[in-house]
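So this one's structure16.cif, mmCIF, C-alpha atoms:
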```cif
data_run
loop_
_atom_site.label_atom_id
_atom_site.label_comp_id
_atom_site.auth_asym_id
_atom_site.auth_seq_id
_atom_site.Cartn_x
_atom_site.Cartn_y
_atom_site.Cartn_z
CA MET A 285 65.51 -57.32 8.03
CA SER A 286 67.22 -58.86 4.99
CA ASN A 287 70.86 -58.02 4.34
CA ILE A 288 69.67 -57.04 0.86
CA GLN A 289 67.63 -54.11 2.22
CA GLY A 290 68.89 -50.85 0.70
CA LYS A 291 71.54 -52.41 -1.50
CA VAL A 292 71.93 -50.92 -4.97
CA VAL A 293 71.90 -53.71 -7.55
CA ILE A 294 72.50 -53.45 -11.29
CA ILE A 295 71.02 -56.31 -13.34
CA THR A 296 71.80 -56.81 -17.02
CA GLY A 297 69.44 -58.82 -19.17
CA ALA A 298 66.68 -57.62 -16.85
CA SER A 299 63.90 -57.62 -19.46
CA SER A 300 63.13 -61.34 -19.20
CA GLY A 301 64.03 -64.70 -17.70
CA ILE A 302 66.54 -64.89 -14.87
CA GLY A 303 67.19 -61.14 -14.91
CA GLN A 304 63.53 -60.26 -14.56
CA ALA A 305 62.95 -62.89 -11.86
CA THR A 306 66.01 -61.66 -9.95
CA ALA A 307 64.75 -58.08 -10.07
CA LYS A 308 61.42 -59.14 -8.57
CA GLU A 309 63.07 -61.29 -5.88
CA LEU A 310 65.50 -58.57 -4.81
CA ALA A 311 62.80 -55.91 -4.91
CA SER A 312 60.76 -57.98 -2.46
CA LYS A 313 63.75 -57.83 -0.10
CA GLY A 314 64.20 -54.07 -0.32
CA ALA A 315 66.95 -53.69 -2.93
CA LYS A 316 67.26 -50.54 -5.04
CA LEU A 317 67.37 -51.73 -8.62
CA VAL A 318 69.04 -50.50 -11.78
CA LEU A 319 67.54 -52.47 -14.66
CA ALA A 320 69.46 -52.84 -17.92
CA ALA A 321 68.54 -54.47 -21.23
CA ARG A 322 67.94 -53.50 -24.85
CA ARG A 323 64.12 -53.76 -24.90
CA GLU A 324 62.84 -50.52 -23.41
CA ASP A 325 59.18 -51.50 -23.44
CA ARG A 326 59.89 -54.48 -21.20
CA LEU A 327 62.11 -52.43 -18.91
CA LYS A 328 59.34 -49.85 -18.51
CA ASN A 329 56.79 -52.53 -17.69
CA LEU A 330 59.08 -54.17 -15.15
CA GLN A 331 59.93 -50.84 -13.55
CA GLN A 332 56.24 -50.05 -13.16
CA GLU A 333 55.52 -53.48 -11.71
CA LEU A 334 58.28 -53.04 -9.13
CA GLN A 335 57.25 -49.50 -8.27
CA ASP A 336 53.69 -50.70 -7.75
CA ILE A 337 54.91 -52.88 -4.87
CA GLY A 338 56.87 -49.98 -3.37
CA ALA A 339 60.32 -50.85 -4.73
CA GLU A 340 62.85 -48.31 -5.94
CA ALA A 341 63.71 -49.13 -9.54
CA ILE A 342 65.23 -47.22 -12.42
CA TYR A 343 66.27 -48.44 -15.86
CA LYS A 344 68.65 -47.65 -18.67
CA VAL A 345 68.53 -49.14 -22.16
CA THR A 346 71.93 -50.79 -22.49
CA ASP A 347 73.76 -53.01 -24.95
CA VAL A 348 76.26 -55.02 -22.90
CA THR A 349 78.51 -55.42 -25.96
CA SER A 350 79.25 -51.68 -25.80
CA ASN A 351 81.86 -50.72 -23.23
CA PRO A 352 80.82 -47.03 -23.33
CA GLN A 353 77.17 -47.97 -22.67
CA MET A 354 78.19 -50.15 -19.73
CA GLU A 355 80.27 -47.31 -18.31
CA GLU A 356 77.27 -45.02 -18.73
CA LEU A 357 75.08 -47.56 -16.91
CA ALA A 358 77.41 -47.61 -13.90
CA ALA A 359 77.65 -43.81 -13.93
CA TYR A 360 73.84 -43.58 -13.99
CA ALA A 361 73.55 -45.89 -10.99
CA LEU A 362 76.10 -43.81 -9.07
CA LYS A 363 74.35 -40.57 -10.01
CA GLU A 364 70.91 -41.79 -8.94
CA PHE A 365 71.81 -43.87 -5.87
CA GLY A 366 75.32 -42.79 -4.89
CA LYS A 367 76.82 -46.30 -4.81
CA ILE A 368 76.80 -49.73 -6.45
CA ASP A 369 76.67 -52.66 -4.07
CA VAL A 370 76.04 -55.52 -6.49
CA MET A 371 76.49 -56.10 -10.21
CA VAL A 372 74.61 -59.05 -11.71
CA ASN A 373 76.07 -59.81 -15.13
CA ASN A 374 73.20 -61.89 -16.43
CA ALA A 375 72.78 -61.03 -20.12
CA GLY A 376 73.58 -63.99 -22.36
CA LEU A 377 72.82 -65.80 -25.62
CA MET A 378 72.85 -69.48 -26.58
CA PRO A 379 72.74 -69.93 -30.40
CA LEU A 380 73.96 -73.55 -30.38
CA SER A 381 75.28 -75.06 -33.60
CA PRO A 382 77.83 -77.66 -34.74
CA LEU A 383 81.22 -76.20 -35.60
CA HIS A 384 81.12 -77.46 -39.20
CA GLU A 385 78.17 -75.16 -39.91
CA LYS A 386 80.58 -72.22 -39.50
CA LYS A 387 78.03 -69.81 -38.06
CA ILE A 388 80.72 -67.20 -37.59
CA ASN A 389 78.36 -64.31 -36.91
CA GLU A 390 76.68 -66.28 -34.11
CA TRP A 391 80.08 -67.13 -32.62
CA ASP A 392 81.08 -63.48 -32.68
CA THR A 393 77.79 -62.41 -31.06
CA MET A 394 78.13 -65.01 -28.29
CA ILE A 395 81.68 -63.91 -27.55
CA ASP A 396 80.62 -60.26 -27.52
CA VAL A 397 77.63 -60.79 -25.20
CA ASN A 398 78.69 -63.71 -23.02
CA ILE A 399 82.35 -62.79 -22.48
CA LYS A 400 82.91 -59.15 -23.36
CA GLY A 401 79.59 -58.15 -21.78
CA VAL A 402 80.72 -59.67 -18.48
CA LEU A 403 84.15 -58.03 -18.71
CA TYR A 404 82.61 -54.65 -19.49
CA GLY A 405 80.24 -55.04 -16.54
CA ILE A 406 83.11 -55.83 -14.20
CA ALA A 407 85.20 -52.96 -15.54
CA ALA A 408 82.33 -50.49 -15.16
CA VAL A 409 81.65 -51.15 -11.48
CA LEU A 410 85.06 -52.14 -10.15
CA PRO A 411 86.54 -48.64 -9.68
CA SER A 412 83.76 -47.47 -7.34
CA MET A 413 83.75 -50.79 -5.48
CA ARG A 414 87.51 -50.62 -4.99
CA GLU A 415 87.20 -47.06 -3.75
CA ARG A 416 84.61 -48.12 -1.15
CA LYS A 417 86.45 -51.38 -0.35
CA GLU A 418 83.13 -53.15 -0.72
CA GLY A 419 81.03 -54.79 -3.42
CA HIS A 420 79.75 -57.98 -4.99
CA ILE A 421 79.93 -59.07 -8.63
CA ILE A 422 77.73 -61.99 -9.68
CA ASN A 423 78.34 -63.56 -13.08
CA VAL A 424 75.81 -65.96 -14.60
CA SER A 425 77.62 -68.86 -16.27
CA SER A 426 75.93 -72.20 -17.02
CA VAL A 427 76.18 -75.94 -16.53
CA ALA A 428 77.65 -75.64 -20.04
CA GLY A 429 80.55 -73.87 -18.36
CA HIS A 430 81.38 -77.16 -16.61
CA THR A 431 80.81 -79.63 -19.45
CA VAL A 432 80.59 -79.68 -23.25
CA MET A 433 78.14 -81.43 -25.53
CA ALA A 434 77.80 -81.64 -29.30
CA ALA A 435 76.77 -78.27 -30.78
CA SER A 436 77.72 -76.41 -27.57
CA ALA A 437 81.46 -75.96 -28.22
CA VAL A 438 81.42 -72.19 -28.65
CA TYR A 439 78.67 -71.55 -26.10
CA SER A 440 80.44 -73.74 -23.55
CA GLY A 441 83.68 -71.94 -24.38
CA THR A 442 82.10 -68.61 -23.47
CA LYS A 443 80.69 -69.98 -20.21
CA PHE A 444 83.98 -71.66 -19.24
CA ALA A 445 85.50 -68.20 -19.81
CA VAL A 446 82.98 -66.59 -17.44
CA ARG A 447 84.02 -69.01 -14.71
CA ALA A 448 87.72 -68.31 -15.32
CA ILE A 449 87.14 -64.55 -15.26
CA SER A 450 85.08 -64.81 -12.08
CA GLU A 451 87.71 -66.85 -10.27
CA GLY A 452 90.44 -64.44 -11.37
CA LEU A 453 88.30 -61.57 -10.10
CA ARG A 454 87.86 -63.30 -6.75
CA MET A 455 91.60 -63.77 -6.32
CA GLU A 456 92.47 -60.22 -7.37
CA GLU A 457 89.83 -58.41 -5.33
CA CYS A 458 89.34 -60.48 -2.16
CA GLY A 459 91.72 -58.12 -0.37
CA ASN A 460 89.42 -55.24 -1.26
CA ASN A 461 86.41 -57.00 0.30
CA ILE A 462 84.83 -57.44 -3.14
CA ARG A 463 82.96 -60.72 -3.47
CA SER A 464 82.72 -62.77 -6.67
CA THR A 465 79.99 -65.33 -7.31
CA ILE A 466 79.46 -67.64 -10.27
CA ILE A 467 75.91 -68.88 -10.81
CA SER A 468 75.71 -71.89 -13.15
CA PRO A 469 72.10 -72.74 -14.06
CA GLY A 470 71.05 -75.92 -15.76
CA LEU A 471 67.85 -76.04 -17.78
CA VAL A 472 65.75 -72.99 -16.93
CA ALA A 473 62.48 -71.95 -18.59
CA THR A 474 63.65 -68.74 -20.32
CA GLU A 475 63.90 -67.33 -23.84
CA LEU A 476 67.49 -68.65 -24.20
CA PRO A 477 66.67 -71.53 -26.60
CA GLU A 478 64.95 -69.05 -28.94
CA THR A 479 68.40 -67.79 -30.03
CA ILE A 480 69.12 -71.14 -31.74
CA SER A 481 68.83 -70.64 -35.50
CA GLY A 482 68.82 -74.29 -36.62
CA THR A 483 65.22 -75.54 -36.81
CA GLU A 484 65.99 -79.21 -36.11
CA LEU A 485 68.36 -78.45 -33.24
CA LYS A 486 65.95 -75.91 -31.75
CA SER A 487 63.18 -78.50 -31.77
CA ALA A 488 65.42 -81.07 -30.06
CA ILE A 489 66.49 -78.54 -27.42
CA HIS A 490 62.87 -77.56 -26.77
CA ASP A 491 62.09 -81.22 -26.04
CA PHE A 492 65.09 -81.33 -23.72
CA TYR A 493 63.70 -78.29 -21.88
CA ASN A 494 60.56 -80.14 -20.79
CA ILE A 495 62.19 -80.65 -17.40
CA ALA A 496 63.34 -77.03 -17.04
CA ILE A 497 62.91 -75.27 -13.71
CA GLN A 498 61.54 -71.74 -13.33
CA ALA A 499 63.78 -68.66 -13.35
CA GLU A 500 62.59 -67.79 -9.84
CA ASN A 501 64.70 -70.67 -8.50
CA ILE A 502 67.86 -69.05 -9.86
CA ALA A 503 66.73 -65.67 -8.54
CA ARG A 504 66.50 -67.09 -5.03
CA ALA A 505 70.03 -68.49 -5.34
CA ILE A 506 71.31 -65.07 -6.37
CA ALA A 507 69.51 -63.48 -3.42
CA TYR A 508 71.03 -66.08 -1.08
CA ALA A 509 74.54 -65.17 -2.24
CA ILE A 510 73.89 -61.45 -1.79
CA GLU A 511 72.36 -61.66 1.67
CA GLN A 512 75.31 -63.41 3.30
CA PRO A 513 77.38 -61.40 5.81
CA SER A 514 80.04 -59.27 4.14
CA ASP A 515 82.85 -61.58 5.28
CA VAL A 516 81.25 -64.63 3.63
CA GLY A 517 81.74 -65.37 -0.06
CA ILE A 518 79.45 -67.78 -1.92
CA ASN A 519 81.86 -68.34 -4.78
CA GLU A 520 79.96 -70.78 -6.97
CA MET A 521 76.59 -72.47 -7.26
CA ILE A 522 75.27 -75.01 -9.78
CA ILE A 523 71.48 -75.20 -9.89
CA ARG A 524 69.88 -77.92 -12.03
CA PRO A 525 66.46 -79.53 -12.38
CA ILE A 526 66.67 -82.67 -10.27
CA LEU A 527 65.93 -84.73 -13.41
CA GLN A 528 68.79 -83.23 -15.44
CA GLU A 529 71.66 -85.69 -15.93
CA LEU A 530 74.02 -83.42 -17.90
#
```
Full structure transcribed into structure tokens:
Amino acid sequence: MSNIQGKVVIITGASSGIGQATAKELASKGAKLVLAARREDRLKNLQQELQDIGAEAIYKVTDVTSNPQMEELAAYALKEFGKIDVMVNNAGLMPLSPLHEKKINEWDTMIDVNIKGVLYGIAAVLPSMRERKEGHIINVSSVAGHTVMAASAVYSGTKFAVRAISEGLRMEECGNNIRSTIISPGLVATELPETISGTELKSAIHDFYNIAIQAENIARAIAYAIEQPSDVGINEMIIRPILQEL
């Protein structure tokens, strides 16, 4: 039996990409899932797909940039399942642009989703995990959280922040048996490049994504981190296409 069997897992950004693939992977291993995203139609479809294979799955439409909504999400999980074992902070945006273009609104949105969304997710689940002296928080960063390229300054800044927050969380909560994992994907075939507003840059990035791996590969890495014995912490993983140099 998998160590994931029966664990209650919240996944943000569950309506597509890595979040959706992770939900399917964990469902196949017996997890009880709480799906969160803004697109209710997709959440409903995913819930039905998971229930059709016998998985327990509920959903709540949630905007990760809203601290009250994230608190409500955690409260819903506790009400329905009585505990939260794992929080996967996966929701993220990547509207790349050079700094001189001054796309201030895009910067603000990235900071709200990629940094504040992670912080709100941690804050929402930490009290119940501390009370139980048990839990696991998985934050999805990026290879861009390890290196910077032209047009990625702000995006990389948000992903470097996720790594810093995750490491701080690990140090603060290891004594409470709460595990912290950073997942840093490289090029993955998801909707992420669609958030780029510049036509020329979007086209160039799409060409770059020809070597992208499938989201299921990241989902398996997340499952691997979760299914380790409770005294083992997988603190960080970088998963790239083998052809990716950056």
Report as JSON lines: every residue of region 285-308 of chain A with an atom at most 10 Å from region 358-369 of chain A, its closest pair of atoms, and their distance in Å to one decimal, counting all atoms listed in the file, with rows sorted by chain and ascending residue number.
```
{"residue": "A:Ile288", "atom": "CA", "partner": "A:Asp369", "partner_atom": "CA", "distance": 9.6}
{"residue": "A:Gly290", "atom": "CA", "partner": "A:Asp369", "partner_atom": "CA", "distance": 9.3}
{"residue": "A:Lys291", "atom": "CA", "partner": "A:Asp369", "partner_atom": "CA", "distance": 5.7}
{"residue": "A:Val292", "atom": "CA", "partner": "A:Asp369", "partner_atom": "CA", "distance": 5.1}
{"residue": "A:Val293", "atom": "CA", "partner": "A:Asp369", "partner_atom": "CA", "distance": 6.0}
{"residue": "A:Ile294", "atom": "CA", "partner": "A:Ile368", "partner_atom": "CA", "distance": 7.5}
```
- Query: So what does the PyMOL selection byres ((chain A and resi 404) around 9) actually pick up in this one, as an MDAnalysis selection string?
  - Reply: chainID A and resid 348:352 354:355 399:403 405:409
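Matched in the shown structure by the PyMOL selection byres ((chain A and resi 499) around 8): Gly301, Ile302, Ala305, Val472, Ala473, Thr474, Ile497, Gln498, Glu500, Asn501, Ile502 and Ala503 of chain A.
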- Message: As a check of understanding, name the residues that the PyMOL selection byres ((chain A and resi 452) around 12) selects in the supplied structure, as a list in words.
- Response: Leu403, Ile406, Ala445, Val446, Arg447, Ala448, Ile449, Ser450, Glu451, Leu453, Arg454, Met455, Glu456, Glu457, Cys458, Arg463, Ser464, Thr465, Ile466 and Asn519 of chain A
Give me, as a CSV table (one decimal) with C-alpha atoms, keeping the file's coordinate frame, all polymer residues having an atom no more than 12 Å from Asp392 (chain A), counting all atoms listed in the file and skipping those fewer than 5 positions away in the same chain.
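selection_6.csv, freshly written:
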```
chain,number,residue,atom,x,y,z
A,349,THR,CA,78.5,-55.4,-26.0
A,377,LEU,CA,72.8,-65.8,-25.6
A,378,MET,CA,72.8,-69.5,-26.6
A,379,PRO,CA,72.7,-69.9,-30.4
A,386,LYS,CA,80.6,-72.2,-39.5
A,387,LYS,CA,78.0,-69.8,-38.1
A,397,VAL,CA,77.6,-60.8,-25.2
A,398,ASN,CA,78.7,-63.7,-23.0
A,399,ILE,CA,82.4,-62.8,-22.5
A,400,LYS,CA,82.9,-59.2,-23.4
A,438,VAL,CA,81.4,-72.2,-28.6
A,439,TYR,CA,78.7,-71.6,-26.1
A,442,THR,CA,82.1,-68.6,-23.5
```
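CA of Leu319 (chain A) is found 6.5 Å from CA of Thr296 (chain A).
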- Message: With distances taken over only C-alpha atoms, which residue among A:Glu333, A:Glu520, A:Asp396, A:Glu529 lies nearest Gly429 (chain A)?
- Response: A:Glu520
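Taking CA of Ile506 (chain A) as the reference point, CA of Ser312 (chain A) is found at 13.3 Å.
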- Message: Quick one: residues within 9 Å of Ala339 (chain A), all atoms listed in the file, excluding same-chain residues fewer than 2 positions away - as a PyMOL selection string?
- Response: chain A and resi 311-312+314-317+331+333-337+341
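Taking CA of Pro525 (chain A) and CA of Ala298 (chain A) as the two end points, the separation is 22.4 Å.
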- Counting all atoms listed in the file, select every polymer residue within 10 Å of (62.6, -79.0, -21.4) as defined in the file's coordinates, and provide the selection as number ranges by chain. A: 471-473, 477, 488-497, 525, 528
Just C-alpha atoms for this one: save the residues we selected as a PDB file, in the frame of the given file.
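result.pdb, written as the output of this step:
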```pdb
ATOM      1  CA  LEU A 471      67.850 -76.040 -17.780  1.00  0.00           C
ATOM      2  CA  VAL A 472      65.750 -72.990 -16.930  1.00  0.00           C
ATOM      3  CA  ALA A 473      62.480 -71.950 -18.590  1.00  0.00           C
ATOM      4  CA  PRO A 477      66.670 -71.530 -26.600  1.00  0.00           C
ATOM      5  CA  ALA A 488      65.420 -81.070 -30.060  1.00  0.00           C
ATOM      6  CA  ILE A 489      66.490 -78.540 -27.420  1.00  0.00           C
ATOM      7  CA  HIS A 490      62.870 -77.560 -26.770  1.00  0.00           C
ATOM      8  CA  ASP A 491      62.090 -81.220 -26.040  1.00  0.00           C
ATOM      9  CA  PHE A 492      65.090 -81.330 -23.720  1.00  0.00           C
ATOM     10  CA  TYR A 493      63.700 -78.290 -21.880  1.00  0.00           C
ATOM     11  CA  ASN A 494      60.560 -80.140 -20.790  1.00  0.00           C
ATOM     12  CA  ILE A 495      62.190 -80.650 -17.400  1.00  0.00           C
ATOM     13  CA  ALA A 496      63.340 -77.030 -17.040  1.00  0.00           C
ATOM     14  CA  ILE A 497      62.910 -75.270 -13.710  1.00  0.00           C
ATOM     15  CA  PRO A 525      66.460 -79.530 -12.380  1.00  0.00           C
ATOM     16  CA  GLN A 528      68.790 -83.230 -15.440  1.00  0.00           C
TER      17      GLN A 528
END
```
- List the neighbours of Arg326 (chain A) out to 10 Å using all atoms listed in the file; skip same-chain residues closer than 6 positions along the sequence, and give me the result as a PyMOL selection string. chain A and resi 298-300+304+332
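Comparing A:Gln353, A:Ser468, A:Ser412, A:Asn389 by their smallest distance to Thr431 (chain A), the closest is A:Ser468 (using all atoms listed in the file).
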- Item | Selection near Ile522 (chain A), 7 Å with only C-alpha atoms, sequence-local residues under 4 positions removed, as a PyMOL selection string | chain A and resi 427+467-469
Using the selection just defined, write its residues with C-alpha atoms as a PDB file, in the frame of the given file.
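Everything below was put into again.pdb:
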```
ATOM      1  CA  VAL A 427      76.180 -75.940 -16.530  1.00  0.00           C
ATOM      2  CA  ILE A 467      75.910 -68.880 -10.810  1.00  0.00           C
ATOM      3  CA  SER A 468      75.710 -71.890 -13.150  1.00  0.00           C
ATOM      4  CA  PRO A 469      72.100 -72.740 -14.060  1.00  0.00           C
TER       5      PRO A 469
END
```
Since the input lacks atoms, please generate all heavy atoms for region 329-340 of chain A and provide them as an mmCIF file, keeping the file's coordinate frame.
```cif
data_model
loop_
_atom_site.group_PDB
_atom_site.id
_atom_site.type_symbol
_atom_site.label_atom_id
_atom_site.label_comp_id
_atom_site.auth_asym_id
_atom_site.auth_seq_id
_atom_site.Cartn_x
_atom_site.Cartn_y
_atom_site.Cartn_z
ATOM 1 N N ASN A 329 57.826 -51.721 -18.343
ATOM 2 C CA ASN A 329 56.790 -52.530 -17.690
ATOM 3 C C ASN A 329 57.281 -53.113 -16.374
ATOM 4 O O ASN A 329 56.548 -53.131 -15.374
ATOM 5 C CB ASN A 329 56.328 -53.646 -18.620
ATOM 6 C CG ASN A 329 55.548 -53.144 -19.815
ATOM 7 O OD1 ASN A 329 54.991 -52.039 -19.775
ATOM 8 N ND2 ASN A 329 55.497 -53.921 -20.873
ATOM 9 N N LEU A 330 58.521 -53.596 -16.360
ATOM 10 C CA LEU A 330 59.080 -54.170 -15.150
ATOM 11 C C LEU A 330 59.278 -53.094 -14.082
ATOM 12 O O LEU A 330 58.953 -53.308 -12.903
ATOM 13 C CB LEU A 330 60.418 -54.854 -15.454
ATOM 14 C CG LEU A 330 61.144 -55.472 -14.258
ATOM 15 C CD1 LEU A 330 60.284 -56.507 -13.536
ATOM 16 C CD2 LEU A 330 62.473 -56.102 -14.714
ATOM 17 N N GLN A 331 59.770 -51.943 -14.499
ATOM 18 C CA GLN A 331 59.930 -50.840 -13.550
ATOM 19 C C GLN A 331 58.603 -50.483 -12.891
ATOM 20 O O GLN A 331 58.522 -50.318 -11.668
ATOM 21 C CB GLN A 331 60.500 -49.610 -14.248
ATOM 22 C CG GLN A 331 60.673 -48.407 -13.317
ATOM 23 C CD GLN A 331 60.938 -47.116 -14.066
ATOM 24 O OE1 GLN A 331 60.329 -46.850 -15.103
ATOM 25 N NE2 GLN A 331 61.850 -46.314 -13.548
ATOM 26 N N GLN A 332 57.547 -50.394 -13.699
ATOM 27 C CA GLN A 332 56.240 -50.050 -13.160
ATOM 28 C C GLN A 332 55.740 -51.118 -12.200
ATOM 29 O O GLN A 332 55.190 -50.809 -11.128
ATOM 30 C CB GLN A 332 55.232 -49.872 -14.301
ATOM 31 C CG GLN A 332 53.882 -49.342 -13.850
ATOM 32 C CD GLN A 332 53.992 -47.975 -13.208
ATOM 33 O OE1 GLN A 332 54.476 -47.030 -13.820
ATOM 34 N NE2 GLN A 332 53.570 -47.849 -11.948
ATOM 35 N N GLU A 333 55.947 -52.373 -12.566
ATOM 36 C CA GLU A 333 55.520 -53.480 -11.710
ATOM 37 C C GLU A 333 56.234 -53.425 -10.356
ATOM 38 O O GLU A 333 55.612 -53.646 -9.299
ATOM 39 C CB GLU A 333 55.820 -54.812 -12.408
ATOM 40 C CG GLU A 333 55.288 -56.024 -11.679
ATOM 41 C CD GLU A 333 55.504 -57.319 -12.445
ATOM 42 O OE1 GLU A 333 55.848 -57.259 -13.651
ATOM 43 O OE2 GLU A 333 55.341 -58.392 -11.828
ATOM 44 N N LEU A 334 57.506 -53.112 -10.375
ATOM 45 C CA LEU A 334 58.280 -53.040 -9.130
ATOM 46 C C LEU A 334 57.877 -51.820 -8.305
ATOM 47 O O LEU A 334 57.760 -51.896 -7.076
ATOM 48 C CB LEU A 334 59.775 -53.009 -9.440
ATOM 49 C CG LEU A 334 60.339 -54.243 -10.155
ATOM 50 C CD1 LEU A 334 61.826 -54.073 -10.432
ATOM 51 C CD2 LEU A 334 60.085 -55.508 -9.357
ATOM 52 N N GLN A 335 57.667 -50.710 -8.982
ATOM 53 C CA GLN A 335 57.250 -49.500 -8.270
ATOM 54 C C GLN A 335 55.874 -49.672 -7.644
ATOM 55 O O GLN A 335 55.598 -49.123 -6.577
ATOM 56 C CB GLN A 335 57.273 -48.307 -9.216
ATOM 57 C CG GLN A 335 58.684 -47.870 -9.595
ATOM 58 C CD GLN A 335 58.711 -46.726 -10.600
ATOM 59 O OE1 GLN A 335 57.717 -46.460 -11.289
ATOM 60 N NE2 GLN A 335 59.831 -46.047 -10.706
ATOM 61 N N ASP A 336 55.030 -50.460 -8.285
ATOM 62 C CA ASP A 336 53.690 -50.700 -7.750
ATOM 63 C C ASP A 336 53.711 -51.440 -6.418
ATOM 64 O O ASP A 336 52.750 -51.358 -5.640
ATOM 65 C CB ASP A 336 52.844 -51.492 -8.762
ATOM 66 C CG ASP A 336 52.406 -50.640 -9.945
ATOM 67 O OD1 ASP A 336 52.513 -49.404 -9.867
ATOM 68 O OD2 ASP A 336 51.973 -51.225 -10.966
ATOM 69 N N ILE A 337 54.804 -52.182 -6.161
ATOM 70 C CA ILE A 337 54.910 -52.880 -4.870
ATOM 71 C C ILE A 337 55.816 -52.103 -3.899
ATOM 72 O O ILE A 337 56.233 -52.627 -2.868
ATOM 73 C CB ILE A 337 55.428 -54.325 -5.038
ATOM 74 C CG1 ILE A 337 56.840 -54.349 -5.636
ATOM 75 C CG2 ILE A 337 54.458 -55.147 -5.877
ATOM 76 C CD1 ILE A 337 57.502 -55.727 -5.602
ATOM 77 N N GLY A 338 56.118 -50.845 -4.272
ATOM 78 C CA GLY A 338 56.870 -49.980 -3.370
ATOM 79 C C GLY A 338 58.376 -50.048 -3.516
ATOM 80 O O GLY A 338 59.107 -49.465 -2.698
ATOM 81 N N ALA A 339 58.869 -50.731 -4.545
ATOM 82 C CA ALA A 339 60.320 -50.850 -4.730
ATOM 83 C C ALA A 339 60.873 -49.632 -5.458
ATOM 84 O O ALA A 339 60.161 -48.978 -6.227
ATOM 85 C CB ALA A 339 60.635 -52.114 -5.522
ATOM 86 N N GLU A 340 62.147 -49.351 -5.200
ATOM 87 C CA GLU A 340 62.850 -48.310 -5.940
ATOM 88 C C GLU A 340 63.528 -48.962 -7.136
ATOM 89 O O GLU A 340 64.378 -49.843 -6.978
ATOM 90 C CB GLU A 340 63.901 -47.630 -5.061
ATOM 91 C CG GLU A 340 63.321 -46.781 -3.945
ATOM 92 C CD GLU A 340 64.397 -45.974 -3.228
ATOM 93 O OE1 GLU A 340 65.016 -45.117 -3.878
ATOM 94 O OE2 GLU A 340 64.613 -46.234 -2.035
#
```
